Amino acid sequence: LPVLYDNCWNGGAELWGQAGAFDWSVALLNGSTTLPQRENGKALPQVTSRLAWNHGPGLVLGGSGWVGPYLVDGMAALQDRKETDFLNAGGGVDLSWTRRHLEVNSEVMYTSWEHPTLPRLGATSGYVEAKHKVRTRWFVASRVGFFEPTRVTDGAGQSVHWDYRVRRYENGVGFRWAPRVTVKGVVQNNRFLGGDALNTDHYLVQLSAGF
């Protein structure tokens with residue numbers, strides 16, 4: 001998901017279980033969902049939760065939420081305030097649907113950050129992706145993702161987005177050469193609205209094999 005930082009993993013503790021058609025989990029994180037930390041650098045953990053409804057094998061609906069401090073101790077000069085006074089909170093929904101040769105997955109989440117010097121910052125992000133098996137060994141897939149920051153008032157008194165609005169488009173094709181060998185080709189286009197100099201296009205080829 002665009003708003004989540006996936007180059008690192010949170011340390012912490014998680015409890016999960018199942019009740020009928022529902023899966024649930026609650027976790028305490030050393031870092032936060034948007035700033036993972038392997039080691040505990042905060043006085044208080046961030047709390048996350050998830051509840052998913054499994055409506056048969058082809059449909060899963062889920063909801064997630066989190067709240068807690070995100071600034072690491074000593075990160076900022078806060079004068080008479082503490083890092084734990086500033087919270088990162090958010091929530092979202094997700095969908096997974098499968099029917100015959102078609103798979104669809106989607107997530108949408110909103111998150112906000114209390115900032116020491118700026119107004120509360122927020123952002124909505126999400127994606128929808130689809131994968132279709134067109135032949136015995138061939139499949140195609142597409143994904144559209146977005147990042148939409150909220151507005152703040154700048155020094156001139158104008159309402160502006162606090163960061164670039166981003167759109168990401170991905171299209172790919174895959175071929176299962178053998179039961180445990182897959183070849184993929186993907187094109188990814190990133191578009192920064194109002195920041196054309198940051199636009200990028202990526203072309204990727206992957207070979208994966210199991211032994």
# chains A, B, ... in the order shown; residues from 1 in each chain; ligands from 1
call {"tool": "residues_around", "arguments": {"residues": "segment 80-89 of chain A", "least_positions_apart": "6", "cutoff": "10 Å", "atoms": "only C-alpha atoms", "output": "PyMOL selection string"}}
result
chain A and resi 32-35+42-48+65-74+110-116+120-122
call {"tool": "closest_atom_pairs", "arguments": {"of": "segment 32-87 of chain A", "to": "segment 96-99 of chain A", "cutoff": "12 Å", "atoms": "only C-alpha atoms", "output": "JSON lines"}}
result
{"residue": "A:Ala52", "atom": "CA", "partner": "A:Ser96", "partner_atom": "CA", "distance": 10.4}
{"residue": "A:Trp53", "atom": "CA", "partner": "A:Ser96", "partner_atom": "CA", "distance": 10.5}
{"residue": "A:Asn54", "atom": "CA", "partner": "A:Ser96", "partner_atom": "CA", "distance": 9.5}
{"residue": "A:His55", "atom": "CA", "partner": "A:Trp97", "partner_atom": "CA", "distance": 9.8}
{"residue": "A:Gly56", "atom": "CA", "partner": "A:Trp97", "partner_atom": "CA", "distance": 10.1}
{"residue": "A:Pro57", "atom": "CA", "partner": "A:Thr98", "partner_atom": "CA", "distance": 8.0}
{"residue": "A:Gly58", "atom": "CA", "partner": "A:Thr98", "partner_atom": "CA", "distance": 4.6}
{"residue": "A:Leu59", "atom": "CA", "partner": "A:Trp97", "partner_atom": "CA", "distance": 4.6}
{"residue": "A:Val60", "atom": "CA", "partner": "A:Ser96", "partner_atom": "CA", "distance": 5.1}
{"residue": "A:Leu61", "atom": "CA", "partner": "A:Ser96", "partner_atom": "CA", "distance": 6.7}
{"residue": "A:Gly62", "atom": "CA", "partner": "A:Ser96", "partner_atom": "CA", "distance": 8.7}
{"residue": "A:Gly63", "atom": "CA", "partner": "A:Ser96", "partner_atom": "CA", "distance": 11.9}
call {"tool": "select_by_dssp", "arguments": {"residues": "chain A", "states": "strand (DSSP E or B)", "output": "ChimeraX atom specification"}}
result
/A:12-19,22-29,46-54,59-69,87-99,102-113,121-133,138-149,151-153,159-161,165-178,181-193,200-209
call {"tool": "residues_around", "arguments": {"residues": "segment 189-204 of chain A", "least_positions_apart": "6", "cutoff": "12 Å", "atoms": "only C-alpha atoms", "output": "list in words"}}
result
Pro2, Ser142, Arg143, Val144, Gly145, Phe146, Phe147, Glu148, Pro149, Val160, His161, Asp163, Tyr164, Arg165, Val166, Arg167, Arg168, Tyr169, Glu170, Asn171, Gly172, Val173, Gly174 and Val183 of chain A
call {"tool": "closest_residue", "arguments": {"among": "A:Leu78, A:Leu29, A:Val128, A:Leu118", "to": "Asp94 of chain A", "atoms": "only C-alpha atoms"}}
result
A:Val128
call {"tool": "atom_distance", "arguments": {"atom1": "atom CA of Gly90 of chain A", "atom2": "atom CA of Gly155 of chain A"}}
result
27.4 Å
call {"tool": "atom_distance", "arguments": {"atom1": "atom CA of Ser49 of chain A", "atom2": "atom CA of Val152 of chain A"}}
result
29.1 Å
call {"tool": "closest_residue", "arguments": {"among": "A:Thr117, A:Cys8, A:Val205, A:Thr150", "to": "Phe175 of chain A", "atoms": "only C-alpha atoms"}}
result
A:Val205
call {"tool": "atom_distance", "arguments": {"atom1": "atom CA of Ser106 of chain A", "atom2": "atom CA of Thr124 of chain A"}}
result
13.6 Å
call {"tool": "closest_residue", "arguments": {"among": "A:Leu207, A:Ala156, A:Leu1, A:Leu28", "to": "Val93 of chain A", "atoms": "only C-alpha atoms"}}
result
A:Leu1
call {"tool": "residues_around", "arguments": {"residues": "Thr182 of chain A", "least_positions_apart": "2", "cutoff": "10 Å", "atoms": "only C-alpha atoms", "output": "short mmCIF file (atom, residue, chain, number, x, y, z; two decimals) with C-alpha atoms, in the first residue's frame"}}
result
data_model
loop_
_atom_site.label_atom_id
_atom_site.label_comp_id
_atom_site.auth_asym_id
_atom_site.auth_seq_id
_atom_site.Cartn_x
_atom_site.Cartn_y
_atom_site.Cartn_z
CA ARG A 137 0.26 -21.28 -18.48
CA TRP A 138 -0.31 -17.59 -19.21
CA GLY A 174 3.43 -14.04 -16.68
CA PHE A 175 4.25 -17.47 -18.09
CA ARG A 176 4.49 -20.64 -15.99
CA TRP A 177 7.28 -22.41 -17.84
CA ALA A 178 7.11 -25.40 -15.51
CA PRO A 179 5.18 -26.20 -12.30
CA ARG A 180 7.81 -24.37 -10.21
CA LYS A 184 7.19 -12.32 -15.52
CA GLN A 206 11.73 -11.75 -13.29
CA LEU A 207 12.58 -15.43 -13.34
CA SER A 208 11.60 -17.43 -10.24
CA ALA A 209 12.30 -21.12 -9.75
CA GLY A 210 11.81 -23.55 -6.91
#
